[in-house]
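Trainee: Sharing a structure below in structure tokens format, with a few things to ask.
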Amino acid sequence: MELFVPLAAVAASSLFVLSLMWMSHPSTARRGVRAGEIGMALAIIGALVQHEVVDYNLVIIAMIAGAAAGIPMALLMPMTAIPQRTAISHAFGALAVGLIGAAEYYKHAHSEYGGTFVLWALMFEMLLGFLTCTASVVAFGKLQEIMPTKAIVFSGQRVVNGVVALATLVVAAMLALDPTQTSLFPVFAGLALLFGVLLVIPIGGADMPTVIALLNSYAGLAASAMGFALGNKLLIVAGALDGASGFILAVIMCKAMNRSFANVMFGGFGAVVSGSSGGRVDRVVRSASAEEAAMQLENASSVVVIPGYGMAVAQAQHKVSELYQALTKKGVDVKFAIHPVAGRMPGHMNVLLAEANVPYEQLVELDDINPEIPQADVALIIGANDTINPSARDDPASAIAGMPIIEADRAKSVFVIKRSMNAGFAGIDNPIYYNANTQMLFGDARDMVANIAKELQGGSGLGH
Amino acid sequence: MSAHYADYLFVFILAAFLGFQLIKKVSPLLHSPLMSLTNAIAAVVVVGAIAITGEEGATPLAKTLGFIAVFCATVNLVSGFMITDRMLKMFKRKGS
């Protein structure tokens with residue numbers, strides 16, 4: 001029994017590593033979830049049988065209540081709400097870390113602990129925990145559209161943020177050096193919570209993939225810091241894995257926008273519509289009907305579909321899948337081009353299309369699809385805008401210059417499903433709409449795709 | 001005492017490097033489920049919360065904080081694993 005607790009921790013760590021290893025491919029990924037679950041069960045059993053744990057009532061009640069809340073959440077959550085759920089779960093995780101840190105702090109609030117490693121680790125853990133908690137709540141609010149999704153900027157914002165950050169660090173250091181000043185503790189917690197809010201309000205909706213990934217990383221690092229404070233290596237390992245994962249995803253997202261972390265976090269991108277390049281010659285936009293689009297798609301031999309956040313907003317993924325089935329039946333090769341930052345979190349489009357039964361072999365990454373696009377007969381753009389904007393490639397003065405794009409404009413012909421001619425998130429005009437090989441399909445993405453699919457199915461697909 | 005902390009740092013660095021290597025290999029198809037999976041794994045902080053709540057001589061304050069922490073972490077780990085599996089179930093090959 002003496003050995004069980006440390007061995008359970010070793011086994012749990014190994015299973016967590018295996019879990020991530022098996023995530024490398026869809027065919028083994030579910031095994032990865034099983035491994036993670038078993039690892040977690042071992043970790044919890046290990047925690048429950050420790051000598052120090054004497055009172056089980058509260059623990060059991062809290063766990064049952066947590067499961068009672070978590071199970072319906074997992075079963076009923078619509079797939080379109082996955083980004084929000086991810087954000088709020090970071091808030092929950094970070095809150096747990098912060099509260100554990102607070103309880104540990106009060107245990108260590110004696111002068112002999114002043115300046116010790118444990119206290120520094122605790123302060124760092126709580127700082128990350130509290131700020132990630134409120135930052136995730138704000139991200140949730142933006143994704144759920146309870147809050148304005150645009151970047152909120154005000155004059156002097158940087159000064160305010162800097163002062164709050166500095167004050168938080170100073171109070172944290174004072175507490176670490178002299179933990180008996182318990183009256184300072186609420187001040188520290190309040191400042192850290194406030195800093196989390198300030199950190200995310202200047203970030204616009206389309207930058208959420210990076211922010212969510214970064215918050216994922218912070219939540220992991222906070223768990224790791226807790227491992228340092230409690231002397232628990234399992235927490236250190238699990239936190240480091242989570243931290244690494246979030247960090248890599250955030251880097252991928254930044255690269256896919258050709259922007260730096262600093263620019264995403266502090267740039268206030270998307271807050272102001274960039275000055276219109278007035279005096280532009282009136283350019284012609286060609287619009288087409290669902291029938292015309294259906295005819296061209298039917299006669300194509302290869303089609304590339306480029307989905308964006310607009311597809312998620314219109315909940316068009318099931319209709320898109322119908323379109324895919326109809327075209328495949330007619331022998332047309334249909335591929336989906338997935339930009340890393342399409343949607344509101346990493347992998348958002350893949351999950352939506354998988355939910356609608358599009359086989360995952362058809363979902364192709366940016367780097368792999370671009371060389372194929374010039375051979376494609378039709379590129380069909382559904383609710384994507386900045387990720388296909390050719391000015392990122394062609395116009396060095398563009399606000400998104402250098403951002404890797406899906407080169408839809410190189411297809412033989414291009415159809416764009418769009419509500420109106422409004423600019424996208426970045427507020428920049430998109431020259432693809434005026435190209436000679438582009439035709440606009442104005443309307444709601446779901447209705448438009450449904451109409452095209454209906455045309456393809458023989459015009460009388462009234463069964464739906 | 002300080003030897004302990006060097007040990008922890010050692011573990012952390014190795015785990016972080018391993019994490020980088022593993023995550024780089026994850027298919028971009030699965031980035032959403034990856035996030036919910038790592039989120040569920042990070043909910044292993046429940047271990048710390050259990051210790052605080054059930055400890056001998058825990059103060060009422062520690063018990064309250066620990067209770068909320070156990071609740072939050074459990075919500076995360078239960079819903080995290082389940083929703084990851086729900087997402088992964090949807091990824092199908094052609095013709096299956």
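Note on naming: chains are A, B, ... as they come in the structure tokens, residues start from 1 per chain, ligands start from 1 in the order shown.
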Please list as a list in words every residue within 9 Å of Ile61 (chain A), counting only C-alpha atoms and excluding residues in the same chain fewer than 5 positions away.
Mentor: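 Near Ile61 (chain A), the qualifying residues are Tyr56 and Gly66 of chain A; Phe67 and Phe71 of chain B.
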Trainee: Would you write out those residues with C-alpha atoms, as a CSV table (one decimal), in the first residue's frame?
Mentor:
chain,number,residue,atom,x,y,z
A,56,TYR,CA,-14.3,11.8,2.4
A,66,GLY,CA,-19.3,17.8,-10.5
B,67,PHE,CA,-14.9,21.7,-2.1
B,71,PHE,CA,-16.4,20.4,-8.0
Trainee: Please return, as number ranges by chain, all residues of chain B lying within 7 Å of chain A when only C-alpha atoms are considered.
Mentor: B: 8, 11-12, 15-16, 19-20, 22-23, 25-32, 36, 38-39, 41-45, 47, 49-51, 53-56, 62, 65-67, 69-76, 78-79, 81-83, 85, 87-88, 90-94
Trainee: Tell me which protein, DNA and RNA residues are within 10 Å of Phe188 (chain A), counting only C-alpha atoms, leaving out same-chain ones fewer than 5 positions away, and put them as a list of chain:residue names.
Mentor: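 Those residues are A:Met123, A:Met126, A:Leu127, A:Phe130, A:Ala167, A:Thr168, A:Leu169, A:Val170, A:Val171, A:Ala172, A:Ala173, A:Met174, A:Leu175, A:Ser183, A:Leu193, A:Leu194.
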Trainee: One number please: CA of Asn258 (chain A) to CA of Gly402 (chain A), in Å, one decimal.
Mentor: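 Atom-to-atom, CA of Asn258 (chain A) and CA of Gly402 (chain A) are spaced 6.0 Å apart.
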Trainee: Looking only at helix (DSSP H, G or I) from DSSP on the backbone, list the matching residues of region 122-369 of chain A as a PyMOL selection string.
Mentor: chain A and resi 122-143+157-177+182-200+205-230+233-255+261-266+290-299+309-313+317-329+348-355+360-362+366-369
